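**Student:** Here you go, this is data-v9.pdb (PDB, N, CA and C atoms).
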ATOM      1  N   LEU A   1       4.829   8.865  -1.085
ATOM      2  CA  LEU A   1       4.165   7.867  -0.277
ATOM      3  C   LEU A   1       2.727   8.311  -0.047
ATOM      4  N   ILE A   2       1.809   7.374  -0.103
ATOM      5  CA  ILE A   2       0.410   7.663   0.209
ATOM      6  C   ILE A   2      -0.025   6.739   1.332
ATOM      7  N   LEU A   3      -0.482   7.325   2.414
ATOM      8  CA  LEU A   3      -1.026   6.564   3.534
ATOM      9  C   LEU A   3      -2.538   6.730   3.496
ATOM     10  N   ILE A   4      -3.279   5.630   3.507
ATOM     11  CA  ILE A   4      -4.732   5.680   3.435
ATOM     12  C   ILE A   4      -5.299   5.208   4.766
ATOM     13  N   ILE A   5      -6.175   6.038   5.329
ATOM     14  CA  ILE A   5      -6.817   5.709   6.600
ATOM     15  C   ILE A   5      -8.246   6.219   6.540
ATOM     16  N   ASN A   6      -9.146   5.546   7.203
ATOM     17  CA  ASN A   6     -10.559   5.884   7.137
ATOM     18  C   ASN A   6     -10.835   7.321   7.561
ATOM     19  N   ALA A   7     -10.314   7.727   8.710
ATOM     20  CA  ALA A   7     -10.563   9.058   9.252
ATOM     21  C   ALA A   7      -9.411   9.431  10.184
ATOM     22  N   LEU A   8      -9.381  10.683  10.615
ATOM     23  CA  LEU A   8      -8.329  11.148  11.526
ATOM     24  C   LEU A   8      -8.922  11.543  12.875
ATOM     25  N   GLY A   9      -9.564  10.591  13.500
ATOM     26  CA  GLY A   9     -10.130  10.788  14.828
ATOM     27  C   GLY A   9      -9.095  10.527  15.910
ATOM     28  N   PRO A  10      -9.545  10.350  17.174
ATOM     29  CA  PRO A  10      -8.632  10.242  18.309
ATOM     30  C   PRO A  10      -8.140   8.821  18.588
ATOM     31  N   GLY A  11      -7.710   8.100  17.578
ATOM     32  CA  GLY A  11      -7.271   6.723  17.791
ATOM     33  C   GLY A  11      -5.773   6.544  17.648
ATOM     34  N   GLY A  12      -5.310   5.380  18.062
ATOM     35  CA  GLY A  12      -3.885   5.065  17.992
ATOM     36  C   GLY A  12      -3.378   4.900  16.573
ATOM     37  N   ALA A  13      -4.166   4.254  15.707
ATOM     38  CA  ALA A  13      -3.749   4.078  14.314
ATOM     39  C   ALA A  13      -3.610   5.429  13.623
ATOM     40  N   GLU A  14      -4.518   6.342  13.933
ATOM     41  CA  GLU A  14      -4.473   7.675  13.358
ATOM     42  C   GLU A  14      -3.217   8.424  13.810
ATOM     43  N   ARG A  15      -2.906   8.306  15.071
ATOM     44  CA  ARG A  15      -1.701   8.961  15.609
ATOM     45  C   ARG A  15      -0.444   8.397  14.962
ATOM     46  N   ILE A  16      -0.372   7.080  14.848
ATOM     47  CA  ILE A  16       0.800   6.444  14.238
ATOM     48  C   ILE A  16       0.916   6.815  12.765
ATOM     49  N   CYS A  17      -0.214   6.852  12.062
ATOM     50  CA  CYS A  17      -0.216   7.245  10.649
ATOM     51  C   CYS A  17       0.414   8.622  10.480
ATOM     52  N   LEU A  18      -0.017   9.580  11.287
ATOM     53  CA  LEU A  18       0.516  10.937  11.175
ATOM     54  C   LEU A  18       1.952  11.040  11.671
ATOM     55  N   THR A  19       2.306  10.243  12.673
ATOM     56  CA  THR A  19       3.699  10.228  13.152
ATOM     57  C   THR A  19       4.634   9.734  12.048
ATOM     58  N   LEU A  20       4.250   8.634  11.393
ATOM     59  CA  LEU A  20       5.056   8.104  10.285
ATOM     60  C   LEU A  20       5.117   9.094   9.125
ATOM     61  N   ALA A  21       3.965   9.673   8.791
ATOM     62  CA  ALA A  21       3.919  10.639   7.696
ATOM     63  C   ALA A  21       4.860  11.809   7.974
ATOM     64  N   GLY A  22       4.837  12.314   9.207
ATOM     65  CA  GLY A  22       5.712  13.419   9.576
ATOM     66  C   GLY A  22       7.180  13.049   9.519
ATOM     67  N   ALA A  23       7.506  11.839   9.948
ATOM     68  CA  ALA A  23       8.901  11.393   9.913
ATOM     69  C   ALA A  23       9.399  11.270   8.476
ATOM     70  N   TRP A  24       8.589  10.690   7.617
ATOM     71  CA  TRP A  24       8.982  10.538   6.211
ATOM     72  C   TRP A  24       9.075  11.890   5.515
ATOM     73  N   ALA A  25       8.129  12.790   5.796
ATOM     74  CA  ALA A  25       8.190  14.133   5.213
ATOM     75  C   ALA A  25       9.434  14.865   5.715
ATOM     76  N   GLY A  26       9.775  14.648   6.971
ATOM     77  CA  GLY A  26      10.948  15.283   7.554
ATOM     78  C   GLY A  26      12.254  14.847   6.926
ATOM     79  N   ARG A  27      12.282  13.662   6.356
ATOM     80  CA  ARG A  27      13.508  13.205   5.691
ATOM     81  C   ARG A  27      13.508  13.542   4.196
ATOM     82  N   GLY A  28      12.452  14.258   3.772
ATOM     83  CA  GLY A  28      12.429  14.742   2.395
ATOM     84  C   GLY A  28      11.505  14.006   1.451
ATOM     85  N   ASP A  29      10.789  12.995   1.952
ATOM     86  CA  ASP A  29       9.851  12.268   1.095
ATOM     87  C   ASP A  29       8.590  13.092   0.862
ATOM     88  N   ARG A  30       7.979  12.909  -0.282
ATOM     89  CA  ARG A  30       6.680  13.528  -0.561
ATOM     90  C   ARG A  30       5.618  12.594   0.003
ATOM     91  N   VAL A  31       4.828  13.078   0.958
ATOM     92  CA  VAL A  31       3.885  12.235   1.692
ATOM     93  C   VAL A  31       2.475  12.821   1.601
ATOM     94  N   THR A  32       1.521  11.957   1.295
ATOM     95  CA  THR A  32       0.111  12.323   1.280
ATOM     96  C   THR A  32      -0.637  11.379   2.206
ATOM     97  N   VAL A  33      -1.494  11.934   3.057
ATOM     98  CA  VAL A  33      -2.411  11.127   3.873
ATOM     99  C   VAL A  33      -3.791  11.294   3.253
ATOM    100  N   LEU A  34      -4.400  10.190   2.872
ATOM    101  CA  LEU A  34      -5.708  10.202   2.245
ATOM    102  C   LEU A  34      -6.722   9.612   3.208
ATOM    103  N   THR A  35      -7.823  10.337   3.438
ATOM    104  CA  THR A  35      -8.895   9.825   4.291
ATOM    105  C   THR A  35     -10.195   9.831   3.498
ATOM    106  N   PHE A  36     -11.201   9.135   4.021
ATOM    107  CA  PHE A  36     -12.515   9.078   3.386
ATOM    108  C   PHE A  36     -13.481  10.100   3.983
ATOM    109  N   GLU A  37     -12.980  10.981   4.822
ATOM    110  CA  GLU A  37     -13.802  12.021   5.438
ATOM    111  C   GLU A  37     -14.194  13.083   4.418
ATOM    112  N   GLU A  38     -15.168  13.899   4.818
ATOM    113  CA  GLU A  38     -15.566  15.037   3.995
ATOM    114  C   GLU A  38     -14.472  16.105   4.058
ATOM    115  N   PRO A  39     -14.252  16.823   2.952
ATOM    116  CA  PRO A  39     -13.285  17.924   2.985
ATOM    117  C   PRO A  39     -13.645  18.907   4.105
ATOM    118  N   GLY A  40     -12.639  19.361   4.811
ATOM    119  CA  GLY A  40     -12.846  20.306   5.902
ATOM    120  C   GLY A  40     -13.136  19.667   7.248
ATOM    121  N   ALA A  41     -13.239  18.352   7.307
ATOM    122  CA  ALA A  41     -13.475  17.678   8.591
ATOM    123  C   ALA A  41     -12.293  17.945   9.523
ATOM    124  N   PRO A  42     -12.560  18.113  10.820
ATOM    125  CA  PRO A  42     -11.452  18.370  11.746
ATOM    126  C   PRO A  42     -10.598  17.124  11.967
ATOM    127  N   SER A  43      -9.330  17.338  12.222
ATOM    128  CA  SER A  43      -8.413  16.263  12.563
ATOM    129  C   SER A  43      -8.113  16.352  14.053
ATOM    130  N   PHE A  44      -8.186  15.228  14.755
ATOM    131  CA  PHE A  44      -7.899  15.224  16.186
ATOM    132  C   PHE A  44      -6.437  15.583  16.449
ATOM    133  N   PHE A  45      -5.547  15.079  15.597
ATOM    134  CA  PHE A  45      -4.108  15.343  15.734
ATOM    135  C   PHE A  45      -3.680  16.372  14.692
ATOM    136  N   ALA A  46      -2.632  17.109  14.995
ATOM    137  CA  ALA A  46      -2.098  18.090  14.047
ATOM    138  C   ALA A  46      -1.501  17.377  12.837
ATOM    139  N   ILE A  47      -1.706  17.967  11.677
ATOM    140  CA  ILE A  47      -1.103  17.433  10.451
ATOM    141  C   ILE A  47       0.335  17.936  10.404
ATOM    142  N   PRO A  48       1.310  17.024  10.316
ATOM    143  CA  PRO A  48       2.713  17.448  10.331
ATOM    144  C   PRO A  48       3.060  18.332   9.132
ATOM    145  N   ASN A  49       4.034  19.202   9.326
ATOM    146  CA  ASN A  49       4.540  20.033   8.237
ATOM    147  C   ASN A  49       5.042  19.148   7.108
ATOM    148  N   GLY A  50       4.741  19.562   5.898
ATOM    149  CA  GLY A  50       5.213  18.823   4.730
ATOM    150  C   GLY A  50       4.335  17.661   4.326
ATOM    151  N   VAL A  51       3.253  17.431   5.049
ATOM    152  CA  VAL A  51       2.340  16.322   4.734
ATOM    153  C   VAL A  51       1.089  16.892   4.077
ATOM    154  N   GLU A  52       0.768  16.379   2.905
ATOM    155  CA  GLU A  52      -0.454  16.791   2.219
ATOM    156  C   GLU A  52      -1.607  15.927   2.729
ATOM    157  N   LEU A  53      -2.743  16.549   2.995
ATOM    158  CA  LEU A  53      -3.938  15.839   3.458
ATOM    159  C   LEU A  53      -4.997  15.926   2.369
ATOM    160  N   VAL A  54      -5.490  14.757   1.937
ATOM    161  CA  VAL A  54      -6.551  14.692   0.925
ATOM    162  C   VAL A  54      -7.715  13.929   1.531
ATOM    163  N   ARG A  55      -8.898  14.544   1.490
ATOM    164  CA  ARG A  55     -10.121  13.897   1.985
ATOM    165  C   ARG A  55     -11.045  13.695   0.794
ATOM    166  N   VAL A  56     -11.423  12.447   0.531
ATOM    167  CA  VAL A  56     -12.205  12.156  -0.677
ATOM    168  C   VAL A  56     -13.712  12.214  -0.460
ATOM    169  N   GLY A  57     -14.171  12.357   0.774
ATOM    170  CA  GLY A  57     -15.575  12.628   1.025
ATOM    171  C   GLY A  57     -16.542  11.485   0.849
ATOM    172  N   CYS A  58     -16.230  10.320   1.358
ATOM    173  CA  CYS A  58     -17.203   9.219   1.340
ATOM    174  C   CYS A  58     -17.004   8.339   2.571
ATOM    175  N   HIS A  59     -17.035   8.957   3.750
ATOM    176  CA  HIS A  59     -16.792   8.265   5.017
ATOM    177  C   HIS A  59     -18.107   7.936   5.723
ATOM    178  N   THR A  60     -18.303   6.690   6.037
ATOM    179  CA  THR A  60     -19.371   6.265   6.945
ATOM    180  C   THR A  60     -18.894   5.009   7.643
ATOM    181  N   ARG A  61     -19.376   4.802   8.820
ATOM    182  CA  ARG A  61     -19.034   3.577   9.545
ATOM    183  C   ARG A  61     -19.874   2.437   8.998
ATOM    184  N   GLY A  62     -19.335   1.236   8.988
ATOM    185  CA  GLY A  62     -20.067   0.074   8.504
ATOM    186  C   GLY A  62     -20.467   0.229   7.051
ATOM    187  N   ALA A  63     -19.514   0.614   6.223
ATOM    188  CA  ALA A  63     -19.796   0.935   4.832
ATOM    189  C   ALA A  63     -20.421  -0.247   4.085
ATOM    190  N   SER A  64     -21.446   0.054   3.302
ATOM    191  CA  SER A  64     -22.103  -0.941   2.462
ATOM    192  C   SER A  64     -21.249  -1.210   1.220
ATOM    193  N   LEU A  65     -21.604  -2.239   0.486
ATOM    194  CA  LEU A  65     -20.862  -2.563  -0.732
ATOM    195  C   LEU A  65     -20.875  -1.403  -1.727
ATOM    196  N   PRO A  66     -22.032  -0.753  -1.993
ATOM    197  CA  PRO A  66     -21.980   0.377  -2.931
ATOM    198  C   PRO A  66     -21.057   1.504  -2.477
ATOM    199  N   LEU A  67     -21.030   1.772  -1.174
ATOM    200  CA  LEU A  67     -20.136   2.814  -0.685
ATOM    201  C   LEU A  67     -18.679   2.394  -0.829
ATOM    202  N   LYS A  68     -18.389   1.135  -0.574
ATOM    203  CA  LYS A  68     -17.015   0.657  -0.753
ATOM    204  C   LYS A  68     -16.588   0.804  -2.212
ATOM    205  N   LEU A  69     -17.494   0.522  -3.138
ATOM    206  CA  LEU A  69     -17.174   0.686  -4.556
ATOM    207  C   LEU A  69     -16.969   2.155  -4.903
ATOM    208  N   LEU A  70     -17.759   3.049  -4.297
ATOM    209  CA  LEU A  70     -17.578   4.480  -4.505
ATOM    210  C   LEU A  70     -16.201   4.917  -4.018
ATOM    211  N   ARG A  71     -15.776   4.388  -2.896
ATOM    212  CA  ARG A  71     -14.445   4.723  -2.369
ATOM    213  C   ARG A  71     -13.360   4.337  -3.369
ATOM    214  N   VAL A  72     -13.465   3.127  -3.908
ATOM    215  CA  VAL A  72     -12.468   2.668  -4.880
ATOM    216  C   VAL A  72     -12.478   3.565  -6.109
ATOM    217  N   ALA A  73     -13.670   3.911  -6.588
ATOM    218  CA  ALA A  73     -13.782   4.788  -7.763
ATOM    219  C   ALA A  73     -13.130   6.138  -7.490
ATOM    220  N   ARG A  74     -13.327   6.692  -6.316
ATOM    221  CA  ARG A  74     -12.724   7.995  -5.996
ATOM    222  C   ARG A  74     -11.220   7.898  -5.851
ATOM    223  N   LEU A  75     -10.730   6.764  -5.400
ATOM    224  CA  LEU A  75      -9.276   6.587  -5.316
ATOM    225  C   LEU A  75      -8.655   6.525  -6.710
ATOM    226  N   LEU A  76      -9.370   5.937  -7.655
ATOM    227  CA  LEU A  76      -8.837   5.781  -9.000
ATOM    228  C   LEU A  76      -9.023   7.020  -9.859
ATOM    229  N   ALA A  77      -9.879   7.934  -9.430
ATOM    230  CA  ALA A  77     -10.168   9.133 -10.251
ATOM    231  C   ALA A  77      -9.021  10.104 -10.252
TER     232      ALA A  77
END
So, in terms of structure tokens, how does the structure I just supplied come out?
**Tutor:**
Amino acid sequence: LILIINALGPGGAERICLTLAGAWAGRGDRVTVLTFEEPGAPSFFAIPNGVELVRVGCHTRGASLPLKLLRVARLLA
């Protein structure tokens, strides 16, 4: 399973994303959380055991069309 979220800041969607990821990993599923943050960015919430975290490094608020296209390209790479 791959869960894609913009960033792992202090929001409710971020918390739910990691809660679901942890539950699925706990039942034996292979789970990856993908964010658009830079590698090494801090996560507000702990990453659950068994969950792989991938940061593709193209996060900005109010992303322009070229940045959105870059995000898609990095997802497909």
**Student:** Rounded to one decimal in Å, what is the spacing between atom CA of Leu75 of chain A and atom C of Leu53 of chain A?
**Tutor:**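 About the pair atom CA of Leu75 of chain A and atom C of Leu53 of chain A: they are 12.8 Å apart.
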**Student:** Run the PyMOL selection byres ((chain A and resi 51) around 6) on the file and write out the hits as a list in words.
**Tutor:**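 Expected selection for the PyMOL selection byres ((chain A and resi 51) around 6) here is Ala25, Val31, Thr32, Val33, Pro48, Asn49, Gly50, Glu52 and Leu53 of chain A.
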**Student:** Put those residues in a file: N, CA and C atoms, as a PDB file, in the coordinates of the input.
**Tutor:**
ATOM      1  N   ALA A  25       8.129  12.790   5.796  1.00  0.00           N
ATOM      2  CA  ALA A  25       8.190  14.133   5.213  1.00  0.00           C
ATOM      3  C   ALA A  25       9.434  14.865   5.715  1.00  0.00           C
ATOM      4  N   VAL A  31       4.828  13.078   0.958  1.00  0.00           N
ATOM      5  CA  VAL A  31       3.885  12.235   1.692  1.00  0.00           C
ATOM      6  C   VAL A  31       2.475  12.821   1.601  1.00  0.00           C
ATOM      7  N   THR A  32       1.521  11.957   1.295  1.00  0.00           N
ATOM      8  CA  THR A  32       0.111  12.323   1.280  1.00  0.00           C
ATOM      9  C   THR A  32      -0.637  11.379   2.206  1.00  0.00           C
ATOM     10  N   VAL A  33      -1.494  11.934   3.057  1.00  0.00           N
ATOM     11  CA  VAL A  33      -2.411  11.127   3.873  1.00  0.00           C
ATOM     12  C   VAL A  33      -3.791  11.294   3.253  1.00  0.00           C
ATOM     13  N   PRO A  48       1.310  17.024  10.316  1.00  0.00           N
ATOM     14  CA  PRO A  48       2.713  17.448  10.331  1.00  0.00           C
ATOM     15  C   PRO A  48       3.060  18.332   9.132  1.00  0.00           C
ATOM     16  N   ASN A  49       4.034  19.202   9.326  1.00  0.00           N
ATOM     17  CA  ASN A  49       4.540  20.033   8.237  1.00  0.00           C
ATOM     18  C   ASN A  49       5.042  19.148   7.108  1.00  0.00           C
ATOM     19  N   GLY A  50       4.741  19.562   5.898  1.00  0.00           N
ATOM     20  CA  GLY A  50       5.213  18.823   4.730  1.00  0.00           C
ATOM     21  C   GLY A  50       4.335  17.661   4.326  1.00  0.00           C
ATOM     22  N   GLU A  52       0.768  16.379   2.905  1.00  0.00           N
ATOM     23  CA  GLU A  52      -0.454  16.791   2.219  1.00  0.00           C
ATOM     24  C   GLU A  52      -1.607  15.927   2.729  1.00  0.00           C
ATOM     25  N   LEU A  53      -2.743  16.549   2.995  1.00  0.00           N
ATOM     26  CA  LEU A  53      -3.938  15.839   3.458  1.00  0.00           C
ATOM     27  C   LEU A  53      -4.997  15.926   2.369  1.00  0.00           C
TER      28      LEU A  53
END
**Student:** Decode the PyMOL selection byres ((chain A and resi 4) around 6) for the given file into explicit residues and return them as a list in words.
**Tutor:**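 Written out, the selection comes to Ile2, Leu3, Ile5, Asn6, Val33, Leu34 and Thr35 of chain A.
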**Student:** Using N, CA and C atoms, can you write the selected residues to a file as a PDB file, keeping the file's coordinate frame?
**Tutor:**
ATOM      1  N   ILE A   2       1.809   7.374  -0.103  1.00  0.00           N
ATOM      2  CA  ILE A   2       0.410   7.663   0.209  1.00  0.00           C
ATOM      3  C   ILE A   2      -0.025   6.739   1.332  1.00  0.00           C
ATOM      4  N   LEU A   3      -0.482   7.325   2.414  1.00  0.00           N
ATOM      5  CA  LEU A   3      -1.026   6.564   3.534  1.00  0.00           C
ATOM      6  C   LEU A   3      -2.538   6.730   3.496  1.00  0.00           C
ATOM      7  N   ILE A   5      -6.175   6.038   5.329  1.00  0.00           N
ATOM      8  CA  ILE A   5      -6.817   5.709   6.600  1.00  0.00           C
ATOM      9  C   ILE A   5      -8.246   6.219   6.540  1.00  0.00           C
ATOM     10  N   ASN A   6      -9.146   5.546   7.203  1.00  0.00           N
ATOM     11  CA  ASN A   6     -10.559   5.884   7.137  1.00  0.00           C
ATOM     12  C   ASN A   6     -10.835   7.321   7.561  1.00  0.00           C
ATOM     13  N   VAL A  33      -1.494  11.934   3.057  1.00  0.00           N
ATOM     14  CA  VAL A  33      -2.411  11.127   3.873  1.00  0.00           C
ATOM     15  C   VAL A  33      -3.791  11.294   3.253  1.00  0.00           C
ATOM     16  N   LEU A  34      -4.400  10.190   2.872  1.00  0.00           N
ATOM     17  CA  LEU A  34      -5.708  10.202   2.245  1.00  0.00           C
ATOM     18  C   LEU A  34      -6.722   9.612   3.208  1.00  0.00           C
ATOM     19  N   THR A  35      -7.823  10.337   3.438  1.00  0.00           N
ATOM     20  CA  THR A  35      -8.895   9.825   4.291  1.00  0.00           C
ATOM     21  C   THR A  35     -10.195   9.831   3.498  1.00  0.00           C
TER      22      THR A  35
END
**Student:** Could you please determine the separation between atom CA of Pro66 of chain A and atom N of Pro10 of chain A in Å, to one decimal place?
**Tutor:**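 If I compute the distance from atom CA of Pro66 of chain A to atom N of Pro10 of chain A, I get 25.7 Å.
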**Student:** Could you tell me how far atom N of Cys17 of chain A lies from atom C of Leu65 of chain A, in Å and to one decimal?
**Tutor:**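 According to the coordinates, atom N of Cys17 of chain A and atom C of Leu65 of chain A are separated by 26.2 Å.
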**Student:** When distances are computed from all atoms listed in the file, which of A:Ala73, A:Pro42, A:Leu1, A:Ile47 shows the smallest separation from Gly22 of chain A?
**Tutor:**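 Counting all atoms listed in the file, the residue closest to Gly22 of chain A is A:Ile47.
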**Student:** Assuming the chain letters and numbering stay as they are in my file, what does the PyMOL selection byres (((chain A and resi 37-40 and name CA) around 9) and name CA) actually select? List them as JSON, numbers by chain.
**Tutor:** {"A": [6, 7, 8, 34, 35, 36, 41, 42, 43, 54, 55, 56, 57, 58, 59, 60]}
**Student:** Step one, run DSSP on the backbone; step two, keep only residues of chain A assigned to strand (DSSP E); then write them as a list of chain:residue names.
**Tutor:**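 So the strand (DSSP E) residues in chain A would be A:Ile2, A:Leu3, A:Ile4, A:Val31, A:Thr32, A:Val33, A:Leu34, A:Thr35, A:Val51, A:Glu52, A:Leu53, A:Val54, A:Arg55.
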